[in-house]
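Some notes on the structure that comes next.
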Amino acid sequence: MRVELSVNGRTVAVDVEPRRTLLDCLREDVGLDGTHAGCEHGVCGACTILLDGEPVRSCLMLAVQGDGHAITTIEGLSPGPGELSVLQDAFCETHGLQCGYCTPGMILAGQALLARTLSPSRAEIVEAISGNICRCTGYGQIVEAIALAAQRLRAANRKAGGA
Amino acid sequence: MKPVAFDYARPTSVPEACALLAGDENARVLAGGQTLIPMLAMRLARPSRLVDIARIPELSGTRDTGTHVVIGAATRQAVAERDPLVARKAPLLAKALPWVGHAPTRNRGTIGGSIANGDPAAEIPLVAVTLDAALVVETIAETSELTAVDFYLGPMITALPEGGILTSVRFPVWADGRIGTGFHEVSARKSDFAIVAAAAQVALDADGRCTALALGIGGAGDTPVRLDGVAQALIGSRLEEEAVREAVEAATAELETADDLHASAAYRRRVAATLARRAILDARDEAAGGRHAR
């Protein structure tokens with residue numbers, strides 16, 4: 001089946017079998033392999049993407065269900081080639097990753113939270129990443145990374161607002 | 001972890017979807033896919049065709065009929081969770097929704113999908129049984145209505161007719177008195193399926209006497225169950241803790257509970273009694289505080 005997907009603001013037409021998951025489609029057909037394939041049955045959160053700004057598991061969607069939605073993958077967060085977003089940078093700075101396998105999903109889950117609020121409580125941060133499994137960090141530094149990014153984005157907004 | 005090959009259809013109306021299902025007994029309905037797609041990945045489900053009902057316009061959204069909050073079956077759980085009508089008039093559902101899966105699965109998962117799937121530990125079926133919601137089912141031949149209590153026959157076994165689609169769920173609105181709700185759950189990890197969950201809704205009159213009470217237990221046995229004996233024992237009382245304790249212990253003593261690697265049958269029965277008591281007392285306090293009073 002032919003499907004038109006909007007990925008990171010770009011329209012991509014792909015020809016896929018109905019059984020193709022959106023995860024596999026993004027990785028194999030669209031060529032964006034920053035979305036990681038973990039458990040492939042909805043448990044680990046490594047394949048998290050944003051669908052119309054909200055986090056969803058791309059292994060629990062078929063590519064043929066994806067038309068008409070705005071899809072954001074980890075590749076869509078970078079402001080330019082070789083650059084990191086504020087949140088990505090905060091993950092590096094706080095050592096919010098070790099092996100990196102869960103990181104794209106964690107960052108997109110955090111990104112969705114920061115789009116809603118720049119003053120998240122610790123409980124809100126924990127809730128936002130509660131569907132994502134990390135087997136390295138113990139989560140502490142991931143929570144710290146999202147809090148640091150929130151703080152920097154708040155400061156940047158204050159500056160931009162002239163306050 | 002790759003599904004078998006299948007066809008995919010996206011009908012634009014319920015009759016069209018029913019016709020597709022009637023023409024192929026191995027076709028399955030796809031709504032949010034948060035249970036079905038893992039089943040496909042593990043090849044526990046091997047449908048010939050998926051009939052995607054998620055974009056049929058009349059299956060999404062909520063409305064108020066005065067006596068019921070009607071929720072379209074394909075309404076996303078996250079949408080219902082944020083819906084002010086659900087919060088105001090189906091407060092028990094609003095209270096249970098944050099317990100369903102994780103935010104990313106609620107963004108895709110649907111109200112009707114969870115109810116039709118009928119997992120005995122799932123929260124939305126528990127609320128539907130507790131409030132005895134009416135389930136509207138359409139087939140190519142007819143539209144019928146079942147009560148949630150009659151809908152569940154066993155673990156993931158429902159009275160949904162062959163080729164049928166659950167199209168909407170009608171949660172009764174409690175109009176009289178001050179309404180309060182309580183929801184408690186024990187699971188291995190937050191957001192896992194419940195080992196046991198308890199849901200309660202109560203109505204108090206101006207003197208603080210209970211005029212209506214609904215209590216349901218999920219996760220304990222093959223299907224969610226309503227414990228009507230508790231309501232019979234407690235209506236007319238002020239829901240004093242000791243009376244509530246006695247009523248739930250009497251009602252849960254006969255509860256058929258599952259014995260598996262997660263918990264023994266005896267543990268489930270004890271937890272059910274404790275969570276039921278807490279849910280009722282929370283509901284009482286909330287009603288007394290008037291948070292849902294209208």
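Lettering and numbering for the structure tokens are positional, with chains as A, B, ... in the shown order, residues counted from 1 in each chain, and ligands counted from 1 in the shown order.
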
*Write out as a PyMOL selection string every residue belonging to chain B that has an atom at most 8 Å from any atom of chain A, counting only C-alpha atoms.*
chain B and resi 1-8+33-34+37-38+41-42+102-105+107-108

*asked:* Please identify the strand (DSSP E) residues within stretch 56-245 of chain B (assignment by DSSP from backbone atoms) and present them as number ranges by chain.
replied: B: 62-64, 68-72, 134-138, 143-147, 152-154, 157-158, 165-172, 178-186, 196-204, 210-218, 225-226

_Using only C-alpha atoms, which protein or nucleic acid residues come within 10 Å of B:Ser191? Drop anything in the same chain fewer than 2 positions from it, and give the result as a PyMOL selection string._
(chain A and resi 130-131) or (chain B and resi 98-103+185-189+193-194)

_Within 8 Å of stretch 276-284 of chain B using only C-alpha atoms, minus same-chain residues under 4 positions, as a ChimeraX atom specification_ = /B:179-184,198-204,215-217,239,241,244-245,248,272,288

Write a file of the selected residues as a compact mmCIF listing (two decimals), in the first residue's frame, keeping N, CA and C atoms.
```txt
# COMPACT_ATOMS: atom_id res chain seq x y z
N ILE B 179 -21.71 13.39 44.95
CA ILE B 179 -21.08 12.20 44.38
C ILE B 179 -19.58 12.20 44.72
N GLY B 180 -19.07 11.05 45.09
CA GLY B 180 -17.63 10.90 45.29
C GLY B 180 -17.18 9.58 44.70
N THR B 181 -15.91 9.50 44.34
CA THR B 181 -15.38 8.28 43.74
C THR B 181 -14.07 7.89 44.40
N GLY B 182 -13.74 6.62 44.32
CA GLY B 182 -12.45 6.13 44.82
C GLY B 182 -11.94 5.04 43.91
N PHE B 183 -10.63 5.00 43.72
CA PHE B 183 -10.03 3.97 42.88
C PHE B 183 -8.68 3.59 43.47
N HIS B 184 -8.52 2.29 43.70
CA HIS B 184 -7.23 1.80 44.23
C HIS B 184 -6.80 0.57 43.45
N ALA B 198 -9.88 -1.87 42.80
CA ALA B 198 -11.23 -1.63 43.33
C ALA B 198 -11.68 -0.24 42.90
N ALA B 199 -12.94 -0.15 42.48
CA ALA B 199 -13.52 1.12 42.06
C ALA B 199 -14.83 1.32 42.81
N ALA B 200 -15.02 2.53 43.32
CA ALA B 200 -16.26 2.79 44.06
C ALA B 200 -16.79 4.17 43.71
N GLN B 201 -18.10 4.25 43.64
CA GLN B 201 -18.76 5.54 43.50
C GLN B 201 -19.90 5.57 44.51
N VAL B 202 -20.01 6.68 45.25
CA VAL B 202 -21.08 6.79 46.24
C VAL B 202 -21.81 8.12 46.05
N ALA B 203 -23.05 8.13 46.50
CA ALA B 203 -23.82 9.38 46.58
C ALA B 203 -24.28 9.54 48.02
N LEU B 204 -24.12 10.75 48.54
CA LEU B 204 -24.56 11.06 49.91
C LEU B 204 -25.67 12.11 49.84
N LEU B 215 -19.77 -0.67 43.77
CA LEU B 215 -18.41 -1.14 44.04
C LEU B 215 -18.06 -2.24 43.05
N GLY B 216 -16.90 -2.13 42.45
CA GLY B 216 -16.44 -3.18 41.53
C GLY B 216 -15.02 -3.60 41.86
N ILE B 217 -14.74 -4.87 41.57
CA ILE B 217 -13.39 -5.40 41.78
C ILE B 217 -12.90 -5.94 40.44
N LEU B 239 -21.62 5.36 56.08
CA LEU B 239 -20.36 4.78 55.59
C LEU B 239 -19.25 4.88 56.64
N GLU B 241 -16.35 3.62 58.97
CA GLU B 241 -15.29 2.71 58.54
C GLU B 241 -15.59 1.26 58.94
N VAL B 244 -18.21 -0.30 56.77
CA VAL B 244 -17.67 -0.54 55.43
C VAL B 244 -16.77 -1.78 55.46
N ARG B 245 -15.96 -1.87 56.50
CA ARG B 245 -15.05 -3.02 56.61
C ARG B 245 -15.85 -4.34 56.65
N VAL B 248 -17.53 -5.10 53.16
CA VAL B 248 -16.65 -5.57 52.08
C VAL B 248 -16.04 -6.93 52.44
N ALA B 272 -8.39 -7.43 47.85
CA ALA B 272 -9.67 -6.91 47.32
C ALA B 272 -10.47 -6.25 48.45
N ALA B 288 -18.34 14.00 50.67
CA ALA B 288 -18.59 14.90 51.80
C ALA B 288 -17.92 16.25 51.57
```

_List as an MDAnalysis selection string the protein and nucleic acid residues near A:Leu153, meaning an atom at most 10 Å away when only C-alpha atoms are counted, but skip any in the same chain fewer than 6 places from it._
chainID A and resid 86:87 114 118:119 147 159

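Those residues that approach A:Cys25 to within 9 Å, counting only C-alpha atoms, are Val14, Val16, Gly31, Leu32, Leu62 and Ala63 of chain A; same-chain residues fewer than 6 positions away are not listed.
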
Dump of N, CA and C atoms for the selected residues, as a short mmCIF file (atom, residue, chain, number, x, y, z; two decimals), in the first residue's frame:
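In the end it all went to again.cif:
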```
data_model
loop_
_atom_site.label_atom_id
_atom_site.label_comp_id
_atom_site.auth_asym_id
_atom_site.auth_seq_id
_atom_site.Cartn_x
_atom_site.Cartn_y
_atom_site.Cartn_z
N VAL A 14 5.78 6.23 0.85
CA VAL A 14 6.39 4.90 0.93
C VAL A 14 5.37 3.87 0.45
N VAL A 16 4.33 0.19 1.40
CA VAL A 16 4.57 -0.77 2.47
C VAL A 16 3.49 -1.85 2.50
N GLY A 31 14.47 5.62 6.24
CA GLY A 31 15.91 5.75 6.41
C GLY A 31 16.30 6.52 7.66
N LEU A 32 15.36 6.66 8.60
CA LEU A 32 15.68 7.36 9.85
C LEU A 32 15.80 6.30 10.95
N LEU A 62 0.84 0.69 12.89
CA LEU A 62 1.21 0.26 11.55
C LEU A 62 1.52 1.50 10.73
N ALA A 63 2.44 1.36 9.80
CA ALA A 63 2.77 2.51 8.94
C ALA A 63 1.52 3.02 8.23
#
```

*So which residues touch B:Ala134 within 9 Å, counting only C-alpha atoms, skipping near sequence neighbours fewer than 2 positions away, as an MDAnalysis selection string?*
chainID B and resid 128 132 136 145:149 168:172

Dump as CSV the rows for residues of stretch 12-42 of chain A within 12 Å of stretch 97-101 of chain A: closest atom pair and distance in Å with one decimal, only C-alpha atoms counted, ordered by chain and rising residue number.
```
residue,atom,partner,partner_atom,distance
A:Asp33,CA,A:Tyr101,CA,11.7
A:Gly34,CA,A:Tyr101,CA,9.6
A:Thr35,CA,A:Tyr101,CA,9.4
A:His36,CA,A:Tyr101,CA,6.9
A:Ala37,CA,A:Tyr101,CA,8.9
A:Gly38,CA,A:Tyr101,CA,8.2
A:Cys39,CA,A:Tyr101,CA,11.6
```

Selection export as a PDB file, in the first residue's frame, atoms kept: N, CA and C atoms:
```pdb
ATOM      1  N   ASP A  33      17.031   5.918  11.263  1.00  0.00           N
ATOM      2  CA  ASP A  33      17.173   4.827  12.227  1.00  0.00           C
ATOM      3  C   ASP A  33      17.508   5.319  13.635  1.00  0.00           C
ATOM      4  N   GLY A  34      17.254   6.599  13.893  1.00  0.00           N
ATOM      5  CA  GLY A  34      17.394   7.103  15.261  1.00  0.00           C
ATOM      6  C   GLY A  34      16.307   6.568  16.191  1.00  0.00           C
ATOM      7  N   THR A  35      15.166   6.207  15.628  1.00  0.00           N
ATOM      8  CA  THR A  35      14.106   5.572  16.420  1.00  0.00           C
ATOM      9  C   THR A  35      14.530   4.128  16.643  1.00  0.00           C
ATOM     10  N   HIS A  36      14.678   3.746  17.900  1.00  0.00           N
ATOM     11  CA  HIS A  36      15.272   2.438  18.182  1.00  0.00           C
ATOM     12  C   HIS A  36      14.227   1.343  18.322  1.00  0.00           C
ATOM     13  N   ALA A  37      14.580   0.164  17.821  1.00  0.00           N
ATOM     14  CA  ALA A  37      13.725  -1.022  17.949  1.00  0.00           C
ATOM     15  C   ALA A  37      14.189  -1.795  19.169  1.00  0.00           C
ATOM     16  N   GLY A  38      13.315  -1.856  20.170  1.00  0.00           N
ATOM     17  CA  GLY A  38      13.670  -2.583  21.391  1.00  0.00           C
ATOM     18  C   GLY A  38      12.884  -3.878  21.473  1.00  0.00           C
ATOM     19  N   CYS A  39      11.819  -3.837  22.276  1.00  0.00           N
ATOM     20  CA  CYS A  39      11.058  -5.072  22.518  1.00  0.00           C
ATOM     21  C   CYS A  39      10.121  -5.411  21.375  1.00  0.00           C
TER      22      CYS A  39
END
```

*How far is it from atom CA of B:Gly113 to atom CA of B:Asp260, in Å with one decimal?*
25.7 Å

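Compared by their closest atoms to A:Ile146, and using only C-alpha atoms, the residues A:Glu28, A:Glu75, A:Glu83, A:Asp89 rank with A:Asp89 nearest.
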
*Work out how far atom CA of A:His69 is from atom CA of A:Arg154, in Å to one decimal.*
28.9 Å
